[in-house]
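Novice: Just dropping this structure here.
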Amino acid sequence: MSHNTIKVVDLHHTYPDKREALRGISFEVQQGESIGLVGANGAGKSTLLQHLVGVLMASSGSIEVGHIPVNKTTLQTIRQKVGLVFQDSDNQLFMNRVYDDVAFGPRNYNIPEDKVDDIVKESLNRMGIEHLAERAPYKLSGGEKKSAAIASVLAMSPDILVMDEPTSGLDPKSRRNLINILGSFEHTKIIATHDMDMVIDLCDRTIILKDGLVAADGPTLEIFSDAKLLEECSLEIPLRMASCPKCSKQSE
Amino acid sequence: MSNIAKSSQNLRWMDNQSDKNTIIHRINPVVKLVVSLIYIFTIISFDNYSPERLIPFIFYIFIVSSLAEISLIHLLKLSAVSLPLIIGIGIFNPIFNREVAYYIGSIPISFGMLSFCTLFIKSLMTVISGLLLVATTGINNLGMALRKIGLPKIFAVQIMLTYRYITVFMEEVNTTLTAHSLRANNKGVSYKSYGYLVGNILLRTIDRSQKIYEAMCLRGFHGDYVTGKNPKINKTDIIYLAVWSSLFIFIRYYNLSQIIGNLIIGEF
């Protein structure tokens, strides 16, 4: 894989209802980088993620993953390289058992069944959910579903993990577990989220989207220190970076 | 619990049943599918005025459901959904065809009644055998079996995705109706809001189905459900196929009800 893992150039996307979701986005992602993608609702985060796996195709502009352009003819290769974790795990888990859900991808690529078994066990093990293998996905808790959904993507052995709101709907303990697990991955990661504290934990670099454009792109702590920028983009300073209201009152 | 939620649970009950590991579940899916098809074709090949000839076919349902440890009562409850349709189709037969076929004691039995009974039994047994097939095989293995017997990919995928769509549809209907009832002050769905609700449900289910389909495509789905199982047909499968097919053909050409009746009353 090239060091230029992802290259997005002047990406535009207009939905059939004429709504312009992306209005000329450009950025590059190097191998092993973890990038936080933040922005207000409707800023274009999910639309951008869907372009990276070819679910949506650009109205104009281009995307390359490891020098391979994302288009209809390269979809199979791209989707082996880039794994997308959906915001709603219920949309990602559709088989009767967690095991079969995780095995779904490898089986579609005609991997021999004994190897599929190894892959499934390893993926479940990495997410710490081996004990859920025989359970029906709809019976799992929110955190367990999220872990199973990520395991199903890991089973595809992607180089790049793209996640849409991975911590949404999780209780604090499940959220922390997930952040710890994601932190242990060496994949290139792009995480679209409103969870600014998670971005501090996982991402060295942050891209802020605003109205379909890149409003800022740089080191996470630097960007999150710019209160004016965050406010302009309808964001807030992460809790841990905000000064304590009680202490700041006392110091006045 | 709402009726919709119950129906959704029933579908999941079927999925859960298919994960069992009984002698019936271990039979090759292709063999089970072929046996079910022979069963259905044999049943529908009878004429409209011989309900008694169909009765021996109930044994198949009894035997398979008990060996598969599947509650026959639950299957009957599930098949009850089809009763209004069956009754709707056949209810006018006894009214329009009153010609007497024979008497039981002094009670006249018309051809219309016979044809209604035949239609009722045929339909019910066909539905139950279909449910039994899904409950002992699972929808994914069934899809694989359909492909193996030569059904074009597009039809097999349609069947499986439709099965999945039903679950999505019922979940969305349940969510929408719950949201409606919480603000409807115990009133039902009014005529005015009916159209909005149906439209809303349709759009939501299409959207969700699309997302599920995308999730499948992102993991290499190209039209075939690969279950990872490709069982060879073994001796047990051949015996299963041979025994049931011979029995169905025997019952088709010999009146087993009459033979048993004659045996009981001592006439040979």
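Chains: A, B, ... in order of the structure tokens. Residues: from 1 per chain. Ligands: from 1, in order shown.
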Determine which residues of region 11-231 of chain B receive a DSSP assignment of helix (DSSP H, G or I), computed from the backbone, and state them as a PyMOL selection string.

Specialist: chain B and resi 11-17+23-26+29-44+51-67+72-90+93-96+111-137+139-148+153-182+191-218

Novice: Just want the 7 Å neighbourhood of region 220-227 of chain A, counted on only C-alpha atoms, with same-chain residues fewer than 3 positions away dropped. Output as a PDB file with C-alpha atoms, in the first residue's frame.

Specialist:
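Saved to result33.pdb:
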```
ATOM      1  CA  ILE A 200      -8.722  13.607  21.394  1.00  0.00           C
ATOM      2  CA  CYS A 203      -7.010  11.006  16.459  1.00  0.00           C
ATOM      3  CA  ASP A 204      -3.872  13.076  16.012  1.00  0.00           C
ATOM      4  CA  ARG A 205      -5.436  14.957  13.142  1.00  0.00           C
ATOM      5  CA  THR A 206      -8.895  16.465  12.759  1.00  0.00           C
ATOM      6  CA  LEU A 230     -15.392  25.600  16.783  1.00  0.00           C
ATOM      7  CA  GLU A 231     -18.216  27.991  17.479  1.00  0.00           C
ATOM      8  CA  ILE A 237     -14.654  22.664  23.002  1.00  0.00           C
TER       9      ILE A 237
END
```

Novice: Near chain A, meaning an atom within 8 Å, which residues of chain B appear when counting only C-alpha atoms? Write them as number ranges by chain.

Specialist: B: 15-16, 208, 211-212, 214-216, 218-222, 225-228

Novice: Quick one: pick out all strand (DSSP E) residues within region 45-194 of chain A from a backbone DSSP run and write them as a list in words.

Specialist: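 So the strand (DSSP E) residues in region 45-194 of chain A would be Ser60, Gly61, Ser62, Ile63, Glu64, Val65, Ile68, Pro69, Val82, Gly83, Leu84, Val85, Ile160, Leu161, Val162, Met163, Asp164, Thr188, Lys189, Ile190, Ile191 and Ala192 of chain A.
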
Novice: How would the residues just chosen look if you wrote them out with N, CA and C atoms as a CSV table (one decimal), in the first residue's frame?

Specialist:
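File produced: selection04.csv:
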```
chain,number,residue,atom,x,y,z
A,60,SER,N,-18.6,15.3,-9.1
A,60,SER,CA,-17.3,15.6,-9.8
A,60,SER,C,-16.2,15.5,-8.7
A,61,GLY,N,-15.0,15.6,-9.3
A,61,GLY,CA,-13.8,15.4,-8.4
A,61,GLY,C,-13.5,13.9,-8.3
A,62,SER,N,-12.4,13.6,-7.5
A,62,SER,CA,-12.0,12.2,-7.5
A,62,SER,C,-11.5,11.7,-6.2
A,63,ILE,N,-11.6,10.4,-6.0
A,63,ILE,CA,-11.0,9.8,-4.8
A,63,ILE,C,-10.1,8.7,-5.2
A,64,GLU,N,-9.0,8.6,-4.6
A,64,GLU,CA,-8.1,7.4,-4.8
A,64,GLU,C,-7.8,6.8,-3.5
A,65,VAL,N,-7.8,5.5,-3.5
A,65,VAL,CA,-7.4,4.7,-2.3
A,65,VAL,C,-6.2,3.9,-2.7
A,68,ILE,N,-5.6,3.7,-6.4
A,68,ILE,CA,-6.7,3.1,-7.2
A,68,ILE,C,-7.9,4.1,-7.1
A,69,PRO,N,-8.4,4.5,-8.3
A,69,PRO,CA,-9.5,5.4,-8.3
A,69,PRO,C,-10.8,4.7,-7.9
A,82,VAL,N,-11.1,-0.8,2.2
A,82,VAL,CA,-11.7,0.1,3.1
A,82,VAL,C,-13.0,-0.6,3.8
A,83,GLY,N,-13.0,-0.6,5.1
A,83,GLY,CA,-14.2,-1.2,5.8
A,83,GLY,C,-15.0,-0.1,6.4
A,84,LEU,N,-16.3,0.0,6.2
A,84,LEU,CA,-17.1,1.0,6.7
A,84,LEU,C,-18.0,0.4,7.9
A,85,VAL,N,-17.9,1.1,9.0
A,85,VAL,CA,-18.7,0.7,10.2
A,85,VAL,C,-19.9,1.7,10.2
A,160,ILE,N,-8.0,0.2,5.8
A,160,ILE,CA,-8.5,1.4,6.3
A,160,ILE,C,-9.9,1.2,7.0
A,161,LEU,N,-10.0,1.7,8.2
A,161,LEU,CA,-11.3,1.6,8.9
A,161,LEU,C,-12.0,3.0,8.8
A,162,VAL,N,-13.2,3.0,8.3
A,162,VAL,CA,-14.0,4.2,8.3
A,162,VAL,C,-15.2,4.0,9.1
A,163,MET,N,-15.4,4.9,10.1
A,163,MET,CA,-16.5,4.7,11.1
A,163,MET,C,-17.4,5.9,11.2
A,164,ASP,N,-18.7,5.6,11.2
A,164,ASP,CA,-19.6,6.7,11.3
A,164,ASP,C,-20.2,6.7,12.7
A,188,THR,N,-5.3,2.5,9.4
A,188,THR,CA,-5.6,3.9,9.1
A,188,THR,C,-7.1,4.1,9.4
A,189,LYS,N,-7.4,5.1,10.2
A,189,LYS,CA,-8.8,5.3,10.7
A,189,LYS,C,-9.3,6.7,10.3
A,190,ILE,N,-10.5,6.7,9.8
A,190,ILE,CA,-11.3,7.9,9.7
A,190,ILE,C,-12.6,7.8,10.5
A,191,ILE,N,-12.7,8.7,11.5
A,191,ILE,CA,-13.8,8.5,12.4
A,191,ILE,C,-14.7,9.8,12.4
A,192,ALA,N,-15.9,9.6,11.8
A,192,ALA,CA,-16.9,10.7,11.8
A,192,ALA,C,-17.6,10.7,13.1
```

Novice: As an exercise, work out the distance from CA of Ile179 (chain A) to CA of Gly36 (chain A) in Å and give it to one decimal place.

Specialist: 12.9 Å

Novice: Extract, using only C-alpha atoms, all DNA, RNA and protein residues at most 8 Å from region 60-65 of chain B, discarding same-chain residues fewer than 6 positions from it, and format them as an MDAnalysis selection string.

Specialist: chainID B and resid 24 71:72 125 128:129 132

Novice: Got a sec: who's within 8 Å of Leu33 (chain B), counting only C-alpha atoms, leaving out chain neighbours fewer than 2 positions off, as a PDB file with C-alpha atoms, in the first residue's frame?

Specialist:
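As a result, selection.pdb now contains:
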```pdb
ATOM      1  CA  PRO B  29     -31.194 -28.721   2.458  1.00  0.00           C
ATOM      2  CA  VAL B  30     -31.538 -29.757  -1.191  1.00  0.00           C
ATOM      3  CA  VAL B  31     -33.071 -33.089  -0.160  1.00  0.00           C
ATOM      4  CA  VAL B  35     -39.105 -33.792  -0.495  1.00  0.00           C
ATOM      5  CA  SER B  36     -41.227 -30.726   0.322  1.00  0.00           C
ATOM      6  CA  LEU B  37     -41.807 -30.023  -3.356  1.00  0.00           C
ATOM      7  CA  LEU B 133     -39.133 -26.437   5.587  1.00  0.00           C
ATOM      8  CA  LEU B 142     -32.980 -22.722   1.522  1.00  0.00           C
ATOM      9  CA  ALA B 145     -30.823 -25.271  -2.102  1.00  0.00           C
ATOM     10  CA  LEU B 146     -33.003 -23.323  -4.536  1.00  0.00           C
TER      11      LEU B 146
END
```

Novice: From the set A:Thr167, A:Val120, A:Glu33, A:Ser59, which residue has the shortest atom-to-atom contact distance to His12 (chain A), counting only C-alpha atoms?

Specialist: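 Checking each candidate against His12 (chain A), we get A:Ser59 as the closest.
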
Novice: List the spatial neighbours of region 78-85 of chain B as a list in words - criterion: any atom at most 10 Å away, only C-alpha atoms, same-chain residues fewer than 4 positions off excluded.

Specialist: Ser7, Asn10, Leu11, Met14, Leu72, Ile73, His74, Ile89, Gly90, Ile91, Phe120, Ser123, Leu124, Met125, Thr126, Val127, Ile128, Ser129, Gly130 and Leu131 of chain B

Novice: Using CA of Val98 (chain A) and CA of Pro137 (chain A) as the two end points, give the distance in Å to one decimal.

Specialist: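 Computed distance, CA of Val98 (chain A) to CA of Pro137 (chain A), equals 5.7 Å.
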
Novice: Which one of B:Tyr191, B:Asp224, B:Arg183, B:Ile43 sits closest to Gln158 (chain B) if you count only C-alpha atoms?

Specialist: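 When distances to Gln158 (chain B) are compared using only C-alpha atoms, the smallest one comes from B:Asp224.
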
Novice: For the atom pair CA of Leu49 (chain A) and CA of Glu28 (chain A), what is the interatomic distance in Å to one decimal place?

Specialist: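 Interatomic distance, CA of Leu49 (chain A) to CA of Glu28 (chain A): 13.8 Å.
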